[in-house]
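Colleague: See entry-v7.txt below, with compact mmCIF, C-alpha atoms.
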```txt
# COMPACT_ATOMS: atom_id res chain seq x y z
CA MET A 1006 32.98 -6.45 -8.38
CA LYS A 1007 30.96 -9.67 -8.07
CA ASN A 1008 27.16 -9.58 -8.26
CA GLU A 1009 26.84 -11.02 -4.77
CA SER A 1010 29.02 -8.30 -3.26
CA LEU A 1011 27.03 -5.69 -5.21
CA PHE A 1012 23.81 -6.98 -3.67
CA GLU A 1013 25.34 -6.98 -0.19
CA LEU A 1014 26.56 -3.43 -0.66
CA LEU A 1015 23.31 -2.03 -2.05
CA SER A 1016 21.07 -3.81 0.45
CA LYS A 1017 22.89 -2.12 3.33
CA ILE A 1018 22.17 1.41 2.08
CA ASN A 1019 19.63 3.29 4.20
CA VAL A 1020 17.11 4.81 1.79
CA ASN A 1021 14.61 6.07 4.38
CA ASP A 1022 15.31 9.76 3.83
CA LYS A 1023 14.74 9.33 0.08
CA THR A 1024 11.27 7.81 0.40
CA GLU A 1025 7.75 9.15 0.74
CA LYS A 1026 4.57 7.51 1.97
CA LYS A 1027 1.44 7.69 -0.14
CA ASN A 1028 -1.84 5.86 0.44
CA GLY A 1029 -0.24 3.42 2.84
CA LEU A 1030 2.73 2.49 0.62
CA THR A 1031 6.36 3.62 0.69
CA TYR A 1032 7.91 4.92 -2.52
CA LEU A 1033 11.59 5.52 -3.24
CA SER A 1034 12.58 8.42 -5.49
CA TRP A 1035 13.40 6.94 -8.91
CA SER A 1036 15.93 9.66 -9.80
CA TRP A 1037 17.86 9.13 -6.57
CA ALA A 1038 17.64 5.34 -6.86
CA TRP A 1039 19.03 5.29 -10.39
CA SER A 1040 21.79 7.81 -9.56
CA GLU A 1041 22.84 5.78 -6.51
CA PHE A 1042 22.74 2.55 -8.49
CA LYS A 1043 24.98 3.97 -11.24
CA LYS A 1044 27.50 5.19 -8.66
CA HIS A 1045 28.05 1.62 -7.52
CA CYS A 1046 27.59 0.00 -10.90
CA PRO A 1047 28.55 2.39 -13.77
CA ASN A 1048 27.88 -0.23 -16.45
CA ALA A 1049 24.21 -0.59 -15.44
CA LYS A 1050 21.55 -0.23 -18.13
CA TYR A 1051 17.77 -0.32 -17.96
CA GLU A 1052 15.13 -0.99 -20.57
CA ILE A 1053 11.41 -0.30 -20.65
CA VAL A 1054 9.85 -3.47 -22.03
CA ARG A 1055 7.46 -2.85 -24.92
CA ASP A 1056 4.48 -4.84 -26.10
CA GLU A 1057 5.66 -6.96 -29.05
CA LYS A 1058 2.44 -6.37 -31.02
CA THR A 1059 1.83 -2.66 -30.45
CA GLY A 1060 5.27 -1.34 -29.57
CA PHE A 1061 3.74 0.55 -26.67
CA PRO A 1062 5.66 0.68 -23.33
CA TYR A 1063 2.79 -1.13 -21.62
CA MET A 1064 0.60 -4.21 -22.05
CA VAL A 1065 -3.21 -4.13 -21.99
CA ASP A 1066 -5.76 -6.91 -21.53
CA GLU A 1067 -9.14 -7.40 -19.87
CA PHE A 1068 -7.51 -7.51 -16.42
CA GLY A 1069 -5.81 -4.12 -16.64
CA ILE A 1070 -2.62 -2.40 -17.80
CA MET A 1071 0.83 -3.76 -16.95
CA VAL A 1072 4.27 -2.19 -17.33
CA SER A 1073 7.63 -3.91 -17.21
CA THR A 1074 11.32 -2.97 -16.98
CA ARG A 1075 14.57 -4.85 -17.38
CA VAL A 1076 17.86 -3.93 -15.65
CA THR A 1077 21.29 -5.33 -16.48
CA ALA A 1078 24.30 -4.80 -14.23
CA ASN A 1079 27.56 -6.75 -14.01
CA ASP A 1080 26.29 -9.22 -16.63
CA GLU A 1081 23.22 -10.04 -14.55
CA THR A 1082 19.70 -9.17 -15.69
CA HIS A 1083 16.51 -8.88 -13.66
CA GLU A 1084 13.01 -8.08 -14.91
CA MET A 1085 10.10 -6.60 -12.96
CA TRP A 1086 6.40 -6.03 -13.60
CA LEU A 1087 3.92 -3.63 -12.06
CA PRO A 1088 0.22 -2.98 -12.74
CA VAL A 1089 -0.93 0.59 -13.31
CA MET A 1090 -2.90 1.41 -10.15
CA ASP A 1091 -5.04 4.22 -8.79
CA GLY A 1092 -4.81 5.77 -5.32
CA SER A 1093 -6.72 2.84 -3.80
CA HIS A 1094 -4.28 0.34 -5.34
CA LYS A 1095 -6.88 -0.92 -7.80
CA SER A 1096 -5.73 -1.94 -11.29
CA MET A 1097 -6.58 0.70 -13.87
CA LYS A 1098 -7.91 -0.19 -17.31
CA SER A 1099 -8.54 1.61 -20.60
CA GLU A 1100 -12.11 2.28 -19.51
CA ARG A 1101 -13.78 3.10 -16.21
CA TRP A 1102 -14.85 0.12 -14.14
CA SER A 1103 -16.49 -0.23 -10.75
CA TYR A 1104 -16.48 -2.52 -7.73
CA PHE A 1105 -18.45 -2.85 -4.51
CA VAL A 1106 -17.19 -2.63 -0.93
CA HIS A 1107 -18.79 -2.85 2.49
CA GLU A 1108 -20.07 0.42 3.90
CA TRP A 1109 -18.66 1.35 7.31
CA LYS A 1110 -20.11 3.81 9.83
CA ASN A 1111 -18.91 4.43 13.38
CA GLY A 1112 -16.35 1.68 12.99
CA GLN A 1113 -18.90 -0.97 12.05
CA LYS A 1114 -20.30 -2.48 8.86
CA THR A 1115 -23.78 -1.25 8.04
CA GLY A 1116 -24.65 -4.32 6.00
CA ASN A 1117 -24.86 -2.22 2.84
CA MET A 1118 -22.56 -2.35 -0.17
CA ILE A 1119 -21.43 0.83 -1.90
CA GLU A 1120 -20.08 1.23 -5.43
CA LYS A 1121 -16.69 2.78 -6.16
CA ASN A 1122 -15.25 3.69 -9.55
CA VAL A 1123 -11.77 3.26 -10.99
CA GLU A 1124 -11.11 5.89 -13.64
CA PRO A 1125 -9.38 5.05 -16.97
CA ALA A 1126 -5.60 5.20 -16.90
CA THR A 1127 -3.86 8.24 -18.38
CA MET A 1128 -0.36 8.43 -19.85
CA PHE A 1129 0.70 10.13 -16.62
CA ASP A 1130 -0.49 7.07 -14.64
CA ILE A 1131 1.42 4.78 -17.00
CA ASN A 1132 4.60 6.86 -16.80
CA THR A 1133 4.39 6.88 -12.99
CA ALA A 1134 3.97 3.10 -12.94
CA ILE A 1135 6.99 2.62 -15.24
CA MET A 1136 9.30 4.62 -12.97
CA ARG A 1137 8.01 2.84 -9.87
CA CYS A 1138 8.58 -0.44 -11.67
CA LEU A 1139 12.19 0.61 -12.36
CA VAL A 1140 12.76 1.30 -8.66
CA LYS A 1141 11.29 -2.09 -7.79
CA ASN A 1142 13.55 -3.60 -10.44
CA LEU A 1143 16.61 -2.03 -8.80
CA ALA A 1144 15.53 -3.58 -5.50
CA MET A 1145 16.20 -6.99 -7.06
CA PHE A 1146 19.86 -5.96 -6.98
CA GLY A 1147 19.53 -4.96 -3.31
CA LEU A 1148 18.87 -1.20 -3.35
CA GLY A 1149 15.94 -0.46 -1.02
CA ILE A 1150 14.79 -4.07 -1.07
CA TYR A 1151 13.81 -3.91 2.60
CA ILE A 1152 10.97 -1.46 1.90
CA TYR A 1153 9.21 -4.25 0.00
CA SER A 1154 9.52 -6.74 2.86
CA GLY A 1155 5.74 -7.02 3.37
CA GLU A 1156 4.81 -7.73 -0.22
CA ASP A 1157 5.11 -11.51 0.06
CA LEU A 1158 2.31 -11.67 2.63
CA PRO A 1159 -1.08 -13.17 1.66
CA ASP A 1160 -3.40 -10.79 -0.19
CA GLY A 1161 -5.58 -8.90 2.28
CA TRP A 1162 -3.43 -9.88 5.29
CA THR A 1163 -3.17 -7.32 8.07
CA PRO A 1164 -1.08 -7.50 11.26
CA PRO A 1165 -3.03 -8.71 14.31
CA LYS A 1166 -4.20 -5.94 16.62
CA PRO A 1167 -2.93 -5.89 20.21
CA MET A 1168 -5.27 -6.70 23.09
CA ILE A 1169 -6.17 -4.00 25.63
CA ASP A 1170 -6.03 -4.67 29.36
CA LYS A 1171 -9.02 -4.16 31.67
CA LYS A 1172 -7.88 -0.92 33.30
CA ARG A 1173 -6.94 0.75 30.04
CA PHE A 1174 -10.20 -0.39 28.45
CA GLU A 1175 -12.24 1.08 31.31
CA ASN A 1176 -10.38 4.38 30.94
CA ALA A 1177 -11.07 4.31 27.21
CA LEU A 1178 -14.80 3.87 27.86
CA LYS A 1179 -14.78 6.88 30.17
CA THR A 1180 -13.06 9.09 27.60
CA ILE A 1181 -15.47 7.90 24.89
CA GLU A 1182 -18.42 8.77 27.12
CA SER A 1183 -16.96 12.21 27.82
CA GLY A 1184 -16.41 12.83 24.12
CA GLU A 1185 -12.62 13.02 24.40
CA TYR A 1186 -12.06 9.79 22.46
CA GLN A 1187 -13.86 8.04 19.61
CA SER A 1188 -15.07 4.44 19.64
CA GLU A 1189 -13.88 4.04 16.02
CA LYS A 1190 -10.29 4.66 17.07
CA LEU A 1191 -10.54 2.09 19.86
CA ILE A 1192 -11.88 -0.54 17.43
CA GLU A 1193 -9.25 0.35 14.83
CA LYS A 1194 -6.34 0.13 17.26
CA PHE A 1195 -7.21 -2.84 19.51
CA GLN A 1196 -8.60 -6.35 19.26
CA LEU A 1197 -11.51 -6.41 21.70
CA THR A 1198 -12.75 -9.49 23.51
CA GLY A 1199 -16.40 -10.47 23.19
CA ASP A 1200 -17.17 -8.95 26.59
CA GLN A 1201 -15.32 -5.72 25.80
CA GLN A 1202 -17.18 -5.38 22.49
CA LYS A 1203 -20.46 -5.90 24.34
CA GLN A 1204 -19.61 -3.18 26.87
CA LEU A 1205 -18.63 -0.81 24.08
CA ASP A 1206 -21.86 -1.51 22.17
CA GLU A 1207 -23.91 -0.85 25.31
CA LEU A 1208 -22.09 2.44 25.87
CA ILE A 1209 -22.65 3.54 22.25
CA GLU A 1210 -26.36 2.70 22.53
CA LYS A 1211 -26.59 4.59 25.81
CA MET A 1212 -24.96 7.66 24.26
CA LYS A 1213 -27.36 7.50 21.30
CA GLN A 1214 -30.35 7.42 23.64
CA LEU A 1215 -29.05 10.40 25.60
CA GLU A 1216 -28.54 12.30 22.36
CA LEU A 1217 -32.12 11.56 21.30
CA GLU A 1218 -33.47 12.72 24.66
CA LYS A 1219 -31.65 16.03 24.27
CA LYS A 1220 -33.45 16.59 20.98
```
Give the structure from this file in structure tokens form.
Modeller:
Amino acid sequence: MKNESLFELLSKINVNDKTEKKNGLTYLSWSWAWSEFKKHCPNAKYEIVRDEKTGFPYMVDEFGIMVSTRVTANDETHEMWLPVMDGSHKSMKSERWSYFVHEWKNGQKTGNMIEKNVEPATMFDINTAIMRCLVKNLAMFGLGIYIYSGEDLPDGWTPPKPMIDKKRFENALKTIESGEYQSEKLIEKFQLTGDQQKQLDELIEKMKQLELEKK
């Protein structure tokens, strides 16, 4: 079997029923991925790359902790790297560190910054990162590569939101006023024009005033 035909074969396999979504990312089961890979390429071998100085299966510096794997199949070798990350996809280090983000309330920035912490990495976090790195490594041979299709987009890039037509927007305002729908969901789902945002702001202010009068 040639490497090119192996890639073509593996890249056509539907892995959707072997994945799970967690914190906005899609993960493929490492045990299934390796078993499937070996079925099509029995001579495949993988290696967990170790730090040359410490011998540990991970590398540490001031930026965080990195793991790496190396897979060889049909005389072709690919390497892959992956940082150890927490649930918010922030790089974990040996010690706790913190960062600041904008505070949001009712779908809008308050103008304040709030501090969030990233806890020190544990061996469990490192082990999880290694196995995820292995799966990503196998994708270089084609298996499940399509689930990584968005990773080459610019950092922080998000798909543009759709616009909302006049009639649907007016209906949304009515349901927001009646309490059946939330303004945050409207802002999250649609890109509003300047005039639509103004109308929404006026409605929110009106609802606040009515709430105050009730008190």
Colleague: Take atom CA of A:Met1145 and atom CA of A:Leu1030 and report the distance between them in Å, one decimal.
Modeller: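 Distance between the two atoms: 18.2 Å.
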Colleague: Grab the atom CA of A:Ile1070 to atom CA of A:Lys1098 distance for me, in Å with one decimal place.
Modeller: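 About the pair atom CA of A:Ile1070 and atom CA of A:Lys1098: they are 5.8 Å apart.
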Colleague: Show which residues sit within 10 Å of A:Ile1181, as a list in words. Count all atoms listed in the file, and ignore same-chain residues fewer than 3 positions away.
Modeller: Glu1175, Asn1176, Ala1177, Leu1178, Gly1184, Glu1185, Tyr1186, Gln1187, Ser1188, Glu1189, Lys1190, Leu1191, Leu1205, Leu1208, Ile1209 and Met1212 of chain A
Colleague: Could you list, as a VMD selection string, every residue within 12 Å of A:Ser1154, counting only C-alpha atoms and ignoring same-chain residues fewer than 3 positions away?
Modeller: chain A and resid 1030 to 1031 1141 1144 to 1145 1147 1149 to 1151 1157 to 1158
Colleague: Using only C-alpha atoms, which of the listed residues (A:Ser1096, A:Ser1036, A:Thr1133, A:Asn1048) sits closest to A:Met1071?
Modeller: A:Ser1096
Colleague: Using all atoms listed in the file for the distances, tell me which of A:Ser1183, A:Asn1132, A:Gln1202, A:Ser1099 is nearest to A:Val1072.
Modeller: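 Of the candidates, the smallest distance to A:Val1072 is held by A:Asn1132.
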Colleague: Could you give me, as CSV, a per-residue list for stretch 1099-1118 of chain A showing, wherever an atom lies at most 12 Å from an atom of stretch 1075-1094 of chain A, the closest pair of atoms and their distance in Å to one decimal, using only C-alpha atoms and sorting by chain then residue number from low to high?
Modeller:
```
residue,atom,partner,partner_atom,distance
A:Ser1099,CA,A:Val1089,CA,10.6
A:Arg1101,CA,A:Asp1091,CA,11.5
A:Trp1102,CA,A:Asp1091,CA,11.9
A:Tyr1104,CA,A:Ser1093,CA,11.8
```
Colleague: Check the smallest atom-to-atom distance from each of A:Asp1170, A:Leu1139, A:Met1118, A:Gly1029 to A:Glu1052 using all atoms listed in the file, then report the winner.
Modeller: A:Leu1139
Colleague: If I take atom CA of A:Phe1105 and atom CA of A:Glu1120, how far is one from the other in Å, to one decimal?
Modeller: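 We find that atom CA of A:Phe1105 and atom CA of A:Glu1120 lie 4.5 Å from each other.
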Colleague: What's around A:Asn1117 at 9 Å? Count all atoms listed in the file, leave out sequence neighbours fewer than 6 positions away in its own chain, and write the answer as a PDB file with C-alpha atoms, keeping the file's coordinate frame.
Modeller:
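Heads up, here's the output in part_28.pdb:
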```pdb
ATOM      1  CA  VAL A1106     -17.190  -2.630  -0.930  1.00  0.00           C
ATOM      2  CA  HIS A1107     -18.790  -2.850   2.490  1.00  0.00           C
ATOM      3  CA  GLU A1108     -20.070   0.420   3.900  1.00  0.00           C
ATOM      4  CA  TRP A1109     -18.660   1.350   7.310  1.00  0.00           C
TER       5      TRP A1109
END
```
Colleague: Near A:Asp1056, counting all atoms listed in the file, which residues have an atom at most 12 Å away, once you skip same-chain residues fewer than 2 positions from it, shown as a PDB file with C-alpha atoms, in the coordinates of the input?
Modeller:
```pdb
ATOM      1  CA  ILE A1053      11.410  -0.300 -20.650  1.00  0.00           C
ATOM      2  CA  VAL A1054       9.850  -3.470 -22.030  1.00  0.00           C
ATOM      3  CA  LYS A1058       2.440  -6.370 -31.020  1.00  0.00           C
ATOM      4  CA  THR A1059       1.830  -2.660 -30.450  1.00  0.00           C
ATOM      5  CA  GLY A1060       5.270  -1.340 -29.570  1.00  0.00           C
ATOM      6  CA  PHE A1061       3.740   0.550 -26.670  1.00  0.00           C
ATOM      7  CA  PRO A1062       5.660   0.680 -23.330  1.00  0.00           C
ATOM      8  CA  TYR A1063       2.790  -1.130 -21.620  1.00  0.00           C
ATOM      9  CA  MET A1064       0.600  -4.210 -22.050  1.00  0.00           C
ATOM     10  CA  VAL A1065      -3.210  -4.130 -21.990  1.00  0.00           C
ATOM     11  CA  ASP A1066      -5.760  -6.910 -21.530  1.00  0.00           C
ATOM     12  CA  ILE A1070      -2.620  -2.400 -17.800  1.00  0.00           C
ATOM     13  CA  MET A1071       0.830  -3.760 -16.950  1.00  0.00           C
ATOM     14  CA  VAL A1072       4.270  -2.190 -17.330  1.00  0.00           C
ATOM     15  CA  SER A1073       7.630  -3.910 -17.210  1.00  0.00           C
ATOM     16  CA  THR A1074      11.320  -2.970 -16.980  1.00  0.00           C
TER      17      THR A1074
END
```
